[in-house]
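Read through the structure below, which is laid out as structure tokens, and then see the notes.
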Amino acid sequence: MRALRNEIVSKLSVTMHKLELNETKWLDFLGTSTDKIHGDVTLPCHSFSKVLRKSPNDIAIEIAENVDSDLLEIVEINVVNGFLNFKANNSWLSKQISFINSDSRLGVELEDEKTIVIDYSSPNIAKRMHVGHLRSTVIGDALSRILLFKGHNVIGENHIGDWGTPFGMLIEHFIECENNNVGEIDLSTFYKEARYKFDNIDDFANRSRKRVVKLQSKDPETINLWQSLVNHSLIHFNSVYRMLDVLLNDDNLAGESIYEDLLPEVVERLTSKNLIVESDGALVVFPDGWFNRENEPLPLIIRKGDGGFNYATTDLACIINRVESIGCDEMLYVVGAEQSQHFSMVFQVAHDAGFMDDKIKAVHVPFGLVMGSDGKKLASRKGKAITLKELLEESISRAEKLILEKNPSMSDSDRNEVSKMIGIGAIKYADLSIDRNKNYIFDWDKMLSFEGNTAPYLQYAYARICSIFRKSSISRESTLESEIIIGNDFEMSLCKSIIGFSESIDDTISSYSPHRLAVYLHHLAQDFASFYENCPVLIPDDKKTMSSRLALCNLTARTLRTGLGLLGIETPEKM
Ligand code: ARG
């Protein structure tokens, strides 16, 4: 109830001044109530006792007796155990809800536009995408959609691993593959085969090293072979992105290879700032405050002894590009928690070298692991790593079975369509609804359940509202101007939930945590369920109430659809 809090702040300041409480940190204490029965916003008065030398309860009563009459027009006030509680009254709620009802953005305001680069997905060429890439892809996609909705210039960058020493062995292996037909390469084994040869066949390892030199000197034949490998992998990545229904396409590609020409410049710039040190033939930087287990300074390796550049060097070049060529205000890196140290060190060196200043925000948005039900890394029944594509296909086919049970009369083409929305939605939501810092257990039954905090539950709530409108023969658009009457507690709770949408989006952005939005949507759907259970909607004898309740139904549906859409999840009209 941030909107309510803001109004209370402006209307309460005079009183706090008058009672000489303006010097206390009352603004910091004024917060959302946990006890919804007594209020929406609460001011704990305990810490004012020292100033006024009275009991907290007496102080709360004194403030209550002195509040401005303006404030009493929007809230009811009560005092419990030293807490001064403010509860939005129906007239305030009505005003808010009718504004939101008539607003195409559901009360979500635009922010001043910033240019925000989001680095996400970023799989490696010549390897299949696996479930580990799922998190980066869906979290990055949700953050992109949410920031776009708030009016930002969002630039999604897919920093694919398409350069570096492994390409020597990959290209050599590719040349040795019998038919040398790139289309027939099986990515699940290709990398492993190349690695095996590299580790076990001396001659192959030597040729691979020579191939790296050829690649770095842009030998045309080598570049051609490299390009075919890249293209082949992109076909696979793109097919997964289309299935997952994320915003990424070839325009978002910003792989490691494109920074290759900037790498010598990174070394020059670091040298000119006196940050580079030679250590065992390598060029390194020792950022302040980093030590290894032996308590020796920890280096960030910029150029290895053999002249090759490192992952960190590419990331430094990438920062120069994002700051100087793209002109970004913020860069988000949606990458697993295991790379936290890498990013902290890279950001620190980039600051020290003047590649970015304090005005630019660089944030690593880490996430935990996806685990199997045995608590170990997710694997197929045969113990092999599961590819992302297999996982998505399985989800869709499981969803199809569920729909067939639930709604056997649905046409084949509708079922086909809806199964995709539910299968993909379930996988995405299972990921997005968990605090991204935590590991989670991949559980088919849970994520595809129509009960609990799941995508099918939310999608079903949406579909149910669509069916209410189909039965009512009233159009959803016609409710945008209806008067909304708050006649009971169920309607009141639902209104408050709907009003909270904008705040949930801001919370999501400030913590870069899509699960905040997911939690919000789940509460909204629960509030809707209680409303719908207790407040009959289709009551033609009472036109006024029916029109108000239909408007609440439509507002709930719009909020669910917009909110799920921001998480990259579709909402079927029928299920
Ligand atoms: N390709 C890398 C990996 O699979 C992730 C890249 C993340 N982005 C970055 N700018 N380092 O680990």
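Here's how to read the names in the structure tokens: chain A, B, ... by the order shown, residue numbers from 1 in each chain, ligand numbers from 1 in the order shown.
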
Inset, instruction - Please report, as a count of residues only, each residue of stretch 512-574 of chain A to which DSSP assigns alpha helix (DSSP H) when run on this structure's backbone. - result: 45

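Non-sequential neighbours of A:Gly161 (distance at most 12 Å, separation of 6 or more positions within a chain, only C-alpha atoms) are Tyr120, Ser121, Ser122, Pro123, Asn124, Ile125, Ala126, Lys127, Met129, Phe167, Val230, Ser233, Leu234, Leu253, Ala254, Gly255, Glu256, Ser257, Ile258, Tyr259, Asn310, Tyr311, Thr314 and Asp315 of chain A.
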
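Between atom CA of A:Ser208 and atom CA of A:His159 lies a distance of 23.9 Å.
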
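Computed from the coordinates, the atom CA of A:Tyr333 to atom CA of A:Ser513 distance equals 13.0 Å.
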
Legend entry - Nearest candidate to ligand 1 (options A:His46, A:His236, A:His364, A:Lys401; using only C-alpha atoms and all ligand atoms): A:His364

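By chain and then residue number, the residues within 8 Å of A:Arg516 are A:Ser433, A:Ser504, A:Ile505, A:Asp507, A:Thr508, A:Tyr520, counting only C-alpha atoms and disregarding those fewer than 4 positions away in sequence.
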
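Of the listed residues (A:Glu73, A:Glu400, A:Glu451, A:Asp68), A:Asp68 comes nearest to A:Ser13; the distances count only C-alpha atoms.
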
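Comparing the minimum interatomic distances between ligand 1 and each of A:Asp199, A:Glu324, A:Glu338, A:Glu268, counting only C-alpha atoms and all ligand atoms, we find that A:Glu338 sits nearest.
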
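All residues in stretch 232-295 of chain A with a DSSP state of strand (DSSP E or B), computed from the backbone, read Leu253, Ile276, Val277, Glu278, Ser279, Ala282, Leu283, Val284, Val285 and Phe291 of chain A.
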
Would you mind exporting N, CA, C and O atoms of the selected residues as an mmCIF file, in the first residue's frame?
```
data_model
loop_
_atom_site.group_PDB
_atom_site.id
_atom_site.type_symbol
_atom_site.label_atom_id
_atom_site.label_comp_id
_atom_site.auth_asym_id
_atom_site.auth_seq_id
_atom_site.Cartn_x
_atom_site.Cartn_y
_atom_site.Cartn_z
ATOM 1 N N LEU A 253 22.607 -11.302 -30.288
ATOM 2 C CA LEU A 253 23.902 -11.979 -30.161
ATOM 3 C C LEU A 253 25.022 -10.972 -29.927
ATOM 4 O O LEU A 253 25.166 -10.003 -30.674
ATOM 5 N N ILE A 276 48.704 -3.201 -14.463
ATOM 6 C CA ILE A 276 49.187 -4.509 -14.934
ATOM 7 C C ILE A 276 50.512 -4.898 -14.272
ATOM 8 O O ILE A 276 51.396 -4.069 -14.115
ATOM 9 N N VAL A 277 50.592 -6.157 -13.896
ATOM 10 C CA VAL A 277 51.820 -6.689 -13.304
ATOM 11 C C VAL A 277 52.171 -7.961 -14.062
ATOM 12 O O VAL A 277 51.271 -8.694 -14.492
ATOM 13 N N GLU A 278 53.456 -8.249 -14.245
ATOM 14 C CA GLU A 278 53.825 -9.514 -14.866
ATOM 15 C C GLU A 278 54.019 -10.547 -13.778
ATOM 16 O O GLU A 278 54.670 -10.265 -12.770
ATOM 17 N N SER A 279 53.435 -11.701 -13.966
ATOM 18 C CA SER A 279 53.550 -12.735 -12.941
ATOM 19 C C SER A 279 53.670 -14.083 -13.652
ATOM 20 O O SER A 279 52.743 -14.484 -14.352
ATOM 21 N N ALA A 282 52.686 -14.261 -17.214
ATOM 22 C CA ALA A 282 51.333 -13.783 -17.552
ATOM 23 C C ALA A 282 51.192 -12.310 -17.148
ATOM 24 O O ALA A 282 51.943 -11.810 -16.319
ATOM 25 N N LEU A 283 50.215 -11.645 -17.777
ATOM 26 C CA LEU A 283 49.906 -10.273 -17.353
ATOM 27 C C LEU A 283 48.675 -10.341 -16.456
ATOM 28 O O LEU A 283 47.642 -10.901 -16.858
ATOM 29 N N VAL A 284 48.788 -9.790 -15.270
ATOM 30 C CA VAL A 284 47.676 -9.872 -14.323
ATOM 31 C C VAL A 284 47.423 -8.535 -13.642
ATOM 32 O O VAL A 284 48.268 -7.637 -13.680
ATOM 33 N N VAL A 285 46.247 -8.424 -13.030
ATOM 34 C CA VAL A 285 45.940 -7.260 -12.188
ATOM 35 C C VAL A 285 45.638 -7.821 -10.801
ATOM 36 O O VAL A 285 44.995 -8.868 -10.678
ATOM 37 N N PHE A 291 42.246 -12.129 -1.811
ATOM 38 C CA PHE A 291 43.325 -13.044 -1.411
ATOM 39 C C PHE A 291 42.895 -14.479 -1.648
ATOM 40 O O PHE A 291 41.712 -14.799 -1.556
#
```

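Comparing the minimum interatomic distances between A:Ala312 and each of A:Ile474, A:Val349, A:Leu521, A:Met546, counting only C-alpha atoms, we find that A:Val349 sits nearest.
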
Legend entry - Who sits within 9 Å of A:Asp288, only C-alpha atoms, same chain under 3 positions skipped, as JSON, numbers by chain: {"A": [291, 297, 298, 348]}

Inset, instruction - Write out as a VMD selection string the residues lying within 12 Å of A:Tyr532, counting only C-alpha atoms and excluding same-chain residues fewer than 2 positions away. - result: chain A and resid 461 464 to 465 468 490 to 491 493 to 494 525 to 530 534 to 538 549 to 550 552 to 553 556

Legend entry - Residues within 12 Å of A:His232, only C-alpha atoms, excluding chain neighbours under 2 positions, as a PyMOL selection string: chain A and resi 125-128+162+174+181-187+190+225-230+234-239

Legend entry - stretch 411-420 of chain A environment, 12 Å, only C-alpha atoms, sequence neighbours closer than 5 positions dropped, as a PyMOL selection string: chain A and resi 242-245+392-406+425-428+448+456+459-460+463+569-575

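Each of A:Ser10, A:Thr137, A:Thr115, A:Gln96 was compared to A:Leu567 using only C-alpha atoms, and A:Thr137 turns out to be the nearest.
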
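Atom CA of A:Tyr462 is positioned 28.8 Å from atom CA of A:Ser33.
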
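Using only C-alpha atoms for every distance, the candidate list A:Ala551, A:Cys45, A:Leu270, A:Leu275 yields A:Ala551 as the residue closest to A:Glu477.
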